[in-house]
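K.L.:
See model_15.cif below, with mmCIF, C-alpha atoms.
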```
data_final
loop_
_atom_site.group_PDB
_atom_site.id
_atom_site.type_symbol
_atom_site.label_atom_id
_atom_site.label_comp_id
_atom_site.auth_asym_id
_atom_site.auth_seq_id
_atom_site.Cartn_x
_atom_site.Cartn_y
_atom_site.Cartn_z
ATOM 1 C CA MET Z 1 -17.970 -5.996 5.230
ATOM 2 C CA ARG Z 2 -16.897 -9.241 3.629
ATOM 3 C CA THR Z 3 -14.317 -8.878 0.896
ATOM 4 C CA HIS Z 4 -12.385 -11.123 -1.400
ATOM 5 C CA ILE Z 5 -9.061 -10.446 -3.095
ATOM 6 C CA ARG Z 6 -8.787 -10.647 -6.866
ATOM 7 C CA PRO Z 7 -6.899 -8.996 -9.722
ATOM 8 C CA ALA Z 8 -8.151 -5.570 -10.754
ATOM 9 C CA ALA Z 9 -10.225 -5.500 -13.950
ATOM 10 C CA PRO Z 10 -9.477 -3.006 -16.749
ATOM 11 C CA ASP Z 11 -12.787 -1.201 -16.280
ATOM 12 C CA GLU Z 12 -12.154 -0.655 -12.544
ATOM 13 C CA LEU Z 13 -9.095 1.568 -12.771
ATOM 14 C CA SER Z 14 -11.022 4.814 -12.382
ATOM 15 C CA ALA Z 15 -12.701 3.304 -9.294
ATOM 16 C CA LEU Z 16 -9.212 2.711 -7.877
ATOM 17 C CA GLN Z 17 -8.473 6.391 -8.401
ATOM 18 C CA ASP Z 18 -11.667 7.211 -6.476
ATOM 19 C CA ILE Z 19 -10.554 4.926 -3.629
ATOM 20 C CA GLU Z 20 -7.218 6.737 -3.558
ATOM 21 C CA ARG Z 21 -8.880 10.152 -3.329
ATOM 22 C CA ALA Z 22 -11.257 9.053 -0.561
ATOM 23 C CA ALA Z 23 -8.508 7.330 1.391
ATOM 24 C CA GLY Z 24 -6.326 10.441 1.166
ATOM 25 C CA ALA Z 25 -8.846 12.795 2.768
ATOM 26 C CA PRO Z 26 -7.835 12.041 6.410
ATOM 27 C CA PHE Z 27 -4.345 13.405 5.730
ATOM 28 C CA ARG Z 28 -5.889 16.889 5.735
ATOM 29 C CA ALA Z 29 -6.687 16.583 9.460
ATOM 30 C CA LEU Z 30 -3.003 15.825 10.129
ATOM 31 C CA GLY Z 31 -1.867 19.056 8.498
ATOM 32 C CA MET Z 32 -0.862 17.288 5.291
ATOM 33 C CA PRO Z 33 -3.223 18.856 2.729
ATOM 34 C CA GLU Z 34 -0.711 18.304 -0.059
ATOM 35 C CA ILE Z 35 -1.030 14.561 0.483
ATOM 36 C CA ALA Z 36 -4.819 14.765 0.774
ATOM 37 C CA ASP Z 37 -4.941 16.661 -2.528
ATOM 38 C CA ASP Z 38 -2.326 14.535 -4.298
ATOM 39 C CA GLN Z 39 -3.569 13.079 -7.537
ATOM 40 C CA PRO Z 40 -3.981 9.289 -7.643
ATOM 41 C CA PRO Z 41 -1.834 7.228 -9.994
ATOM 42 C CA ALA Z 42 -2.668 7.819 -13.646
ATOM 43 C CA LEU Z 43 -4.841 5.261 -15.411
ATOM 44 C CA ASP Z 44 -1.902 4.120 -17.551
ATOM 45 C CA THR Z 45 0.200 3.578 -14.412
ATOM 46 C CA LEU Z 46 -2.537 1.502 -12.798
ATOM 47 C CA ASP Z 47 -3.002 -0.399 -16.039
ATOM 48 C CA HIS Z 48 0.735 -1.142 -16.147
ATOM 49 C CA TYR Z 49 0.472 -2.815 -12.731
ATOM 50 C CA ARG Z 50 -2.730 -4.581 -13.745
ATOM 51 C CA ARG Z 51 -1.251 -5.978 -16.977
ATOM 52 C CA ALA Z 52 1.844 -7.108 -15.066
ATOM 53 C CA GLY Z 53 -0.420 -9.019 -12.635
ATOM 54 C CA ARG Z 54 0.546 -6.831 -9.681
ATOM 55 C CA CYS Z 55 -2.644 -4.870 -8.969
ATOM 56 C CA TRP Z 56 -5.183 -6.482 -6.669
ATOM 57 C CA VAL Z 57 -8.457 -5.290 -5.243
ATOM 58 C CA ALA Z 58 -10.384 -6.222 -2.157
ATOM 59 C CA ALA Z 59 -13.893 -6.457 -3.594
ATOM 60 C CA ASP Z 60 -17.026 -6.146 -1.481
ATOM 61 C CA GLU Z 61 -20.127 -8.365 -1.478
ATOM 62 C CA ARG Z 62 -21.265 -6.801 -4.749
ATOM 63 C CA ASP Z 63 -17.790 -7.358 -6.268
ATOM 64 C CA ARG Z 64 -16.960 -3.637 -6.206
ATOM 65 C CA PRO Z 65 -13.414 -2.603 -5.238
ATOM 66 C CA ALA Z 66 -13.199 -1.327 -1.669
ATOM 67 C CA ALA Z 67 -9.393 -1.218 -1.559
ATOM 68 C CA TYR Z 68 -6.405 -1.911 -3.765
ATOM 69 C CA LEU Z 69 -2.707 -2.713 -3.654
ATOM 70 C CA THR Z 70 -0.009 -2.358 -6.296
ATOM 71 C CA ALA Z 71 3.432 -3.919 -5.992
ATOM 72 C CA GLU Z 72 6.582 -4.682 -7.928
ATOM 73 C CA PRO Z 73 9.739 -6.721 -7.401
ATOM 74 C CA VAL Z 74 12.533 -4.491 -6.125
ATOM 75 C CA ASP Z 75 15.893 -6.085 -5.433
ATOM 76 C CA ASP Z 76 15.144 -9.225 -3.357
ATOM 77 C CA ALA Z 77 11.662 -8.230 -2.201
ATOM 78 C CA PHE Z 78 8.127 -7.460 -3.348
ATOM 79 C CA HIS Z 79 7.764 -3.705 -2.896
ATOM 80 C CA LEU Z 80 4.314 -2.397 -1.961
ATOM 81 C CA GLU Z 81 3.907 0.689 -4.113
ATOM 82 C CA GLN Z 82 0.461 1.618 -2.865
ATOM 83 C CA VAL Z 83 -2.091 0.292 -0.408
ATOM 84 C CA SER Z 84 -5.349 2.272 -0.295
ATOM 85 C CA VAL Z 85 -8.543 1.393 1.572
ATOM 86 C CA HIS Z 86 -11.758 3.351 1.070
ATOM 87 C CA PRO Z 87 -13.025 4.793 4.377
ATOM 88 C CA ARG Z 88 -16.202 2.674 4.108
ATOM 89 C CA ALA Z 89 -13.997 -0.433 4.409
ATOM 90 C CA ALA Z 90 -11.455 0.868 6.943
ATOM 91 C CA ARG Z 91 -10.822 -0.909 10.245
ATOM 92 C CA ARG Z 92 -12.083 -4.240 8.963
ATOM 93 C CA GLY Z 93 -8.861 -6.025 8.055
ATOM 94 C CA VAL Z 94 -9.186 -5.231 4.351
ATOM 95 C CA GLY Z 95 -5.719 -3.699 4.034
ATOM 96 C CA ARG Z 96 -4.268 -6.579 6.026
ATOM 97 C CA SER Z 97 -5.903 -9.060 3.644
ATOM 98 C CA LEU Z 98 -4.331 -7.309 0.670
ATOM 99 C CA ILE Z 99 -0.919 -7.354 2.362
ATOM 100 C CA ASP Z 100 -1.328 -11.065 3.190
ATOM 101 C CA HIS Z 101 -2.128 -11.664 -0.476
ATOM 102 C CA ALA Z 102 0.969 -9.730 -1.549
ATOM 103 C CA ALA Z 103 3.054 -11.851 0.856
ATOM 104 C CA GLU Z 104 1.666 -15.020 -0.754
ATOM 105 C CA GLN Z 105 2.511 -13.649 -4.209
ATOM 106 C CA ALA Z 106 6.034 -12.809 -3.037
ATOM 107 C CA ARG Z 107 6.516 -16.332 -1.668
ATOM 108 C CA ALA Z 108 5.280 -17.805 -4.958
ATOM 109 C CA GLN Z 109 7.890 -15.739 -6.803
ATOM 110 C CA GLY Z 110 10.666 -16.866 -4.476
ATOM 111 C CA LEU Z 111 10.963 -13.506 -2.755
ATOM 112 C CA SER Z 112 11.559 -13.493 0.985
ATOM 113 C CA ALA Z 113 10.175 -10.109 2.005
ATOM 114 C CA LEU Z 114 7.798 -7.238 1.428
ATOM 115 C CA THR Z 115 9.127 -3.694 1.494
ATOM 116 C CA LEU Z 116 7.471 -0.302 1.480
ATOM 117 C CA THR Z 117 8.141 3.360 2.096
ATOM 118 C CA THR Z 118 5.726 5.321 4.237
ATOM 119 C CA PHE Z 119 5.236 8.245 6.581
ATOM 120 C CA ALA Z 120 6.864 7.633 9.950
ATOM 121 C CA ASP Z 121 4.374 9.506 12.112
ATOM 122 C CA VAL Z 122 1.014 8.896 10.437
ATOM 123 C CA PRO Z 123 -0.910 6.410 12.631
ATOM 124 C CA TRP Z 124 -2.223 4.371 9.691
ATOM 125 C CA ASN Z 125 1.212 4.280 8.037
ATOM 126 C CA ALA Z 126 4.452 3.212 9.807
ATOM 127 C CA PRO Z 127 2.861 2.405 13.202
ATOM 128 C CA TYR Z 128 0.241 0.260 11.472
ATOM 129 C CA TYR Z 129 2.835 -1.621 9.419
ATOM 130 C CA ALA Z 130 4.937 -2.183 12.543
ATOM 131 C CA ARG Z 131 1.920 -3.875 14.153
ATOM 132 C CA LEU Z 132 1.743 -6.160 11.112
ATOM 133 C CA GLY Z 133 5.380 -7.235 11.553
ATOM 134 C CA PHE Z 134 7.285 -4.783 9.364
ATOM 135 C CA ARG Z 135 10.393 -3.145 10.794
ATOM 136 C CA THR Z 136 11.979 0.183 9.942
ATOM 137 C CA LEU Z 137 15.217 -0.147 8.013
ATOM 138 C CA ALA Z 138 18.312 1.806 8.956
ATOM 139 C CA GLU Z 139 19.918 3.844 6.184
ATOM 140 C CA ALA Z 140 22.739 1.280 5.864
ATOM 141 C CA GLU Z 141 20.171 -1.481 5.229
ATOM 142 C CA LEU Z 142 18.581 0.176 2.200
ATOM 143 C CA THR Z 143 19.025 -1.720 -1.039
ATOM 144 C CA PRO Z 144 19.872 0.119 -4.265
ATOM 145 C CA GLY Z 145 16.242 -0.126 -5.366
ATOM 146 C CA LEU Z 146 14.946 1.341 -2.118
ATOM 147 C CA ARG Z 147 17.488 4.178 -2.377
ATOM 148 C CA ARG Z 148 16.209 4.911 -5.884
ATOM 149 C CA ILE Z 149 12.582 4.916 -4.685
ATOM 150 C CA ARG Z 150 13.425 7.240 -1.778
ATOM 151 C CA ALA Z 151 15.234 9.625 -4.153
ATOM 152 C CA GLN Z 152 12.162 9.726 -6.415
ATOM 153 C CA GLU Z 153 9.930 10.415 -3.414
ATOM 154 C CA GLY Z 154 12.208 13.279 -2.403
ATOM 155 C CA GLU Z 155 11.926 14.746 -5.900
ATOM 156 C CA HIS Z 156 8.127 14.645 -5.519
ATOM 157 C CA GLY Z 157 8.271 16.539 -2.217
ATOM 158 C CA LEU Z 158 7.275 13.677 0.066
ATOM 159 C CA ASP Z 159 10.252 14.350 2.339
ATOM 160 C CA ARG Z 160 8.484 17.368 3.844
ATOM 161 C CA TRP Z 161 7.330 14.848 6.447
ATOM 162 C CA PRO Z 162 9.466 12.086 8.007
ATOM 163 C CA ARG Z 163 9.478 8.933 5.886
ATOM 164 C CA VAL Z 164 10.860 5.465 6.480
ATOM 165 C CA CYS Z 165 11.561 2.313 4.535
ATOM 166 C CA MET Z 166 10.168 -0.826 6.107
ATOM 167 C CA ARG Z 167 10.639 -4.536 5.507
ATOM 168 C CA GLY Z 168 8.696 -7.594 6.610
ATOM 169 C CA SER Z 169 9.531 -11.254 6.137
ATOM 170 C CA VAL Z 170 6.867 -13.079 4.145
ATOM 171 C CA ARG Z 171 7.167 -15.923 6.659
ATOM 172 C CA THR Z 172 6.370 -13.862 9.741
ATOM 173 C CA LEU Z 173 3.898 -11.294 8.406
ATOM 174 C CA ARG Z 174 0.948 -13.696 8.360
ATOM 175 C CA ARG Z 175 1.762 -15.180 11.747
ATOM 176 C CA ARG Z 176 1.579 -11.875 13.607
ATOM 177 C CA GLY Z 177 -1.543 -11.171 15.581
ATOM 178 C CA ARG Z 178 -4.338 -9.712 13.522
ATOM 179 C CA THR Z 179 -5.188 -6.149 14.420
ATOM 180 C CA PRO Z 180 -8.061 -3.988 13.236
ATOM 181 C CA GLU Z 181 -7.397 -2.018 10.095
ATOM 182 C CA GLY Z 182 -5.733 1.359 10.593
ATOM 183 C CA LEU Z 183 -7.493 4.607 11.193
ATOM 184 C CA PRO Z 184 -9.957 6.374 8.854
ATOM 185 C CA GLY Z 185 -9.004 6.233 5.225
ATOM 186 C CA SER Z 186 -6.174 3.741 5.569
ATOM 187 C CA ARG Z 187 -4.307 5.278 2.675
ATOM 188 C CA SER Z 188 -0.748 4.352 3.044
ATOM 189 C CA GLU Z 189 1.403 6.603 0.982
ATOM 190 C CA CYS Z 190 3.601 3.712 -0.006
#
```
Could you render the structure as structure tokens?

P.N.:
Amino acid sequence: MRTHIRPAAPDELSALQDIERAAGAPFRALGMPEIADDQPPALDTLDHYRRAGRCWVAADERDRPAAYLTAEPVDDAFHLEQVSVHPRAARRGVGRSLIDHAAEQARAQGLSALTLTTFADVPWNAPYYARLGFRTLAEAELTPGLRRIRAQEGEHGLDRWPRVCMRGSVRTLRRRGRTPEGLPGSRSEC
């Protein structure tokens, strides 16, 4: 599947919600049905990212979204809020392309890193990001913004499963060896 990265269009936001639902389904097989059944971001939330210029899609040959990424500046980095790849596009480098694009956007804004929060033990979460060049941050390394994000995640019940904060330098992320996209669904609960 050939894809290209572009900003999300206003009329595609419900399609992004569909991608999120489809990408979440594999969490059920890991004993995480609450994550599989979690509602996608609301349309107004997605539109906020879109209007801010921080919501990108990987569009397929017919220009339909196959994956999306939302991000926002947090402290000195570009924080990946969500990366979701529809199962039909998984294992094809689509998520990696979106992350590469986010790294380019971070560099253009003078930011030196990408950050994210994710599940430590889900194969297409922390282990996948580690293969891309992200590293797990120790508690003492968390910035105020990352501490705030982690507190919000705890309030939403995400701490039922081990979670980590990760950081990758925008200079080294692209240089790492390219690996196939994660496992089925490639929804990264960022």

K.L.:
When you look at region 39-50 of chain Z with a cut-off of 10 Å (counting all atoms listed in the file), what residues show up, excluding the ones that are within fewer than 5 positions of it in the same chain? I need them as a tab-separated table (two decimals) with C-alpha atoms, in the coordinates of the input.

P.N.:
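Result file is out-v9.tsv:
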```
chain	number	residue	atom	x	y	z
Z	7	PRO	CA	-6.90	-9.00	-9.72
Z	8	ALA	CA	-8.15	-5.57	-10.75
Z	9	ALA	CA	-10.22	-5.50	-13.95
Z	10	PRO	CA	-9.48	-3.01	-16.75
Z	11	ASP	CA	-12.79	-1.20	-16.28
Z	12	GLU	CA	-12.15	-0.66	-12.54
Z	13	LEU	CA	-9.10	1.57	-12.77
Z	14	SER	CA	-11.02	4.81	-12.38
Z	16	LEU	CA	-9.21	2.71	-7.88
Z	17	GLN	CA	-8.47	6.39	-8.40
Z	18	ASP	CA	-11.67	7.21	-6.48
Z	19	ILE	CA	-10.55	4.93	-3.63
Z	20	GLU	CA	-7.22	6.74	-3.56
Z	21	ARG	CA	-8.88	10.15	-3.33
Z	24	GLY	CA	-6.33	10.44	1.17
Z	34	GLU	CA	-0.71	18.30	-0.06
Z	55	CYS	CA	-2.64	-4.87	-8.97
Z	56	TRP	CA	-5.18	-6.48	-6.67
Z	69	LEU	CA	-2.71	-2.71	-3.65
Z	70	THR	CA	-0.01	-2.36	-6.30
Z	71	ALA	CA	3.43	-3.92	-5.99
Z	72	GLU	CA	6.58	-4.68	-7.93
Z	81	GLU	CA	3.91	0.69	-4.11
Z	82	GLN	CA	0.46	1.62	-2.86
```

K.L.:
What's the separation between CA of Asp38 (chain Z) and CA of Val57 (chain Z), in Å to one decimal place?

P.N.:
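These atoms are spaced 20.8 Å apart.
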
K.L.:
Measuring atom to atom with all atoms listed in the file, identify which of Z:Met32, Z:Ala126, Z:Ala66, Z:Leu116 is nearest to Arg160 (chain Z).

P.N.:
Z:Met32

K.L.:
Tell me which protein, DNA and RNA residues are within 7 Å of Thr115 (chain Z), counting all atoms listed in the file, leaving out same-chain ones fewer than 3 positions away, and put them as a list in words.

P.N.:
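Near Thr115 (chain Z), the qualifying residues are Ala77, Phe78, His79, Leu80, Met166, Arg167 and Gly168 of chain Z.
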
K.L.:
Can I get the selection written as a JSON list (two decimals), keeping the file's coordinate frame, with C-alpha atoms?

P.N.:
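So selection07.json came out as:
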```json
[["chain", "number", "residue", "atom", "x", "y", "z"],
["Z", 77, "ALA", "CA", 11.66, -8.23, -2.20],
["Z", 78, "PHE", "CA", 8.13, -7.46, -3.35],
["Z", 79, "HIS", "CA", 7.76, -3.70, -2.90],
["Z", 80, "LEU", "CA", 4.31, -2.40, -1.96],
["Z", 166, "MET", "CA", 10.17, -0.83, 6.11],
["Z", 167, "ARG", "CA", 10.64, -4.54, 5.51],
["Z", 168, "GLY", "CA", 8.70, -7.59, 6.61]]
```

K.L.:
Ranking Z:Thr117, Z:Ala151, Z:Trp124, Z:Arg96 by minimum distance to Ala23 (chain Z) and counting all atoms listed in the file, which one comes first?

P.N.:
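Smallest separation from Ala23 (chain Z) among the options: Z:Trp124.
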
K.L.:
When distances are computed from all atoms listed in the file, which of Z:Glu153, Z:Arg147, Z:Pro65, Z:Ser169 shows the smallest separation from Arg135 (chain Z)?

P.N.:
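Under the stated criterion, the closest residue is Z:Ser169.
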
K.L.:
Interatomic distance between CA of Pro162 (chain Z) and CA of Ala113 (chain Z)?

P.N.:
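Answer for the CA of Pro162 (chain Z) to CA of Ala113 (chain Z) separation: 23.0 Å.
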
K.L.:
From the options Z:Glu139, Z:Ala67, Z:Thr118, Z:Asn125, which residue's atoms come nearest to Ser97 (chain Z), counting all atoms listed in the file?

P.N.:
Z:Ala67

K.L.:
Just need the box for region 96-113 of chain Z, edges along x, y and z, holding every atom the file lists for it with 5 Å tacked onto each side, so centre and edge lengths in Å to one decimal, as lines of an AutoDock Vina configuration file.

P.N.:
```
center_x = 2.8
center_y = -12.2
center_z = -0.4
size_x = 27.5
size_y = 21.2
size_z = 22.8
```

K.L.:
Reconstruct region 13-29 of chain Z at the level of N, CA, C and O atoms, and format the result as a compact mmCIF listing (two decimals), in the frame of the given file.

P.N.:
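What landed in result29.txt:
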```txt
# COMPACT_ATOMS: atom_id res chain seq x y z
N LEU Z 13 -10.23 0.72 -13.11
CA LEU Z 13 -9.10 1.57 -12.77
C LEU Z 13 -9.52 2.95 -12.29
O LEU Z 13 -8.92 3.49 -11.35
N SER Z 14 -10.56 3.51 -12.87
CA SER Z 14 -11.02 4.81 -12.38
C SER Z 14 -11.61 4.68 -10.98
O SER Z 14 -11.51 5.60 -10.16
N ALA Z 15 -12.20 3.54 -10.66
CA ALA Z 15 -12.70 3.30 -9.29
C ALA Z 15 -11.53 3.26 -8.31
O ALA Z 15 -11.66 3.71 -7.16
N LEU Z 16 -10.39 2.73 -8.74
CA LEU Z 16 -9.21 2.71 -7.88
C LEU Z 16 -8.73 4.13 -7.60
O LEU Z 16 -8.32 4.45 -6.48
N GLN Z 17 -8.81 4.99 -8.61
CA GLN Z 17 -8.47 6.39 -8.40
C GLN Z 17 -9.42 7.03 -7.38
O GLN Z 17 -8.98 7.80 -6.53
N ASP Z 18 -10.70 6.68 -7.45
CA ASP Z 18 -11.67 7.21 -6.48
C ASP Z 18 -11.34 6.73 -5.06
O ASP Z 18 -11.46 7.49 -4.09
N ILE Z 19 -10.95 5.47 -4.94
CA ILE Z 19 -10.55 4.93 -3.63
C ILE Z 19 -9.38 5.72 -3.10
O ILE Z 19 -9.34 6.11 -1.92
N GLU Z 20 -8.41 5.99 -3.96
CA GLU Z 20 -7.22 6.74 -3.56
C GLU Z 20 -7.59 8.13 -3.05
O GLU Z 20 -7.09 8.58 -2.00
N ARG Z 21 -8.45 8.81 -3.76
CA ARG Z 21 -8.88 10.15 -3.33
C ARG Z 21 -9.59 10.10 -1.97
O ARG Z 21 -9.31 10.91 -1.08
N ALA Z 22 -10.51 9.17 -1.82
CA ALA Z 22 -11.26 9.05 -0.56
C ALA Z 22 -10.33 8.68 0.59
O ALA Z 22 -10.44 9.22 1.69
N ALA Z 23 -9.42 7.77 0.34
CA ALA Z 23 -8.51 7.33 1.39
C ALA Z 23 -7.52 8.42 1.77
O ALA Z 23 -6.99 8.42 2.88
N GLY Z 24 -7.26 9.36 0.88
CA GLY Z 24 -6.33 10.44 1.17
C GLY Z 24 -6.91 11.55 2.02
O GLY Z 24 -6.17 12.31 2.65
N ALA Z 25 -8.21 11.68 2.06
CA ALA Z 25 -8.85 12.80 2.77
C ALA Z 25 -8.40 12.94 4.23
O ALA Z 25 -8.19 14.07 4.69
N PRO Z 26 -8.23 11.87 5.01
CA PRO Z 26 -7.84 12.04 6.41
C PRO Z 26 -6.47 12.70 6.61
O PRO Z 26 -6.18 13.19 7.70
N PHE Z 27 -5.63 12.74 5.59
CA PHE Z 27 -4.34 13.40 5.73
C PHE Z 27 -4.53 14.90 5.99
O PHE Z 27 -3.68 15.54 6.60
N ARG Z 28 -5.62 15.47 5.52
CA ARG Z 28 -5.89 16.89 5.74
C ARG Z 28 -5.94 17.21 7.23
O ARG Z 28 -5.39 18.22 7.68
N ALA Z 29 -6.56 16.35 8.01
CA ALA Z 29 -6.69 16.58 9.46
C ALA Z 29 -5.34 16.51 10.17
O ALA Z 29 -5.20 17.01 11.29
```
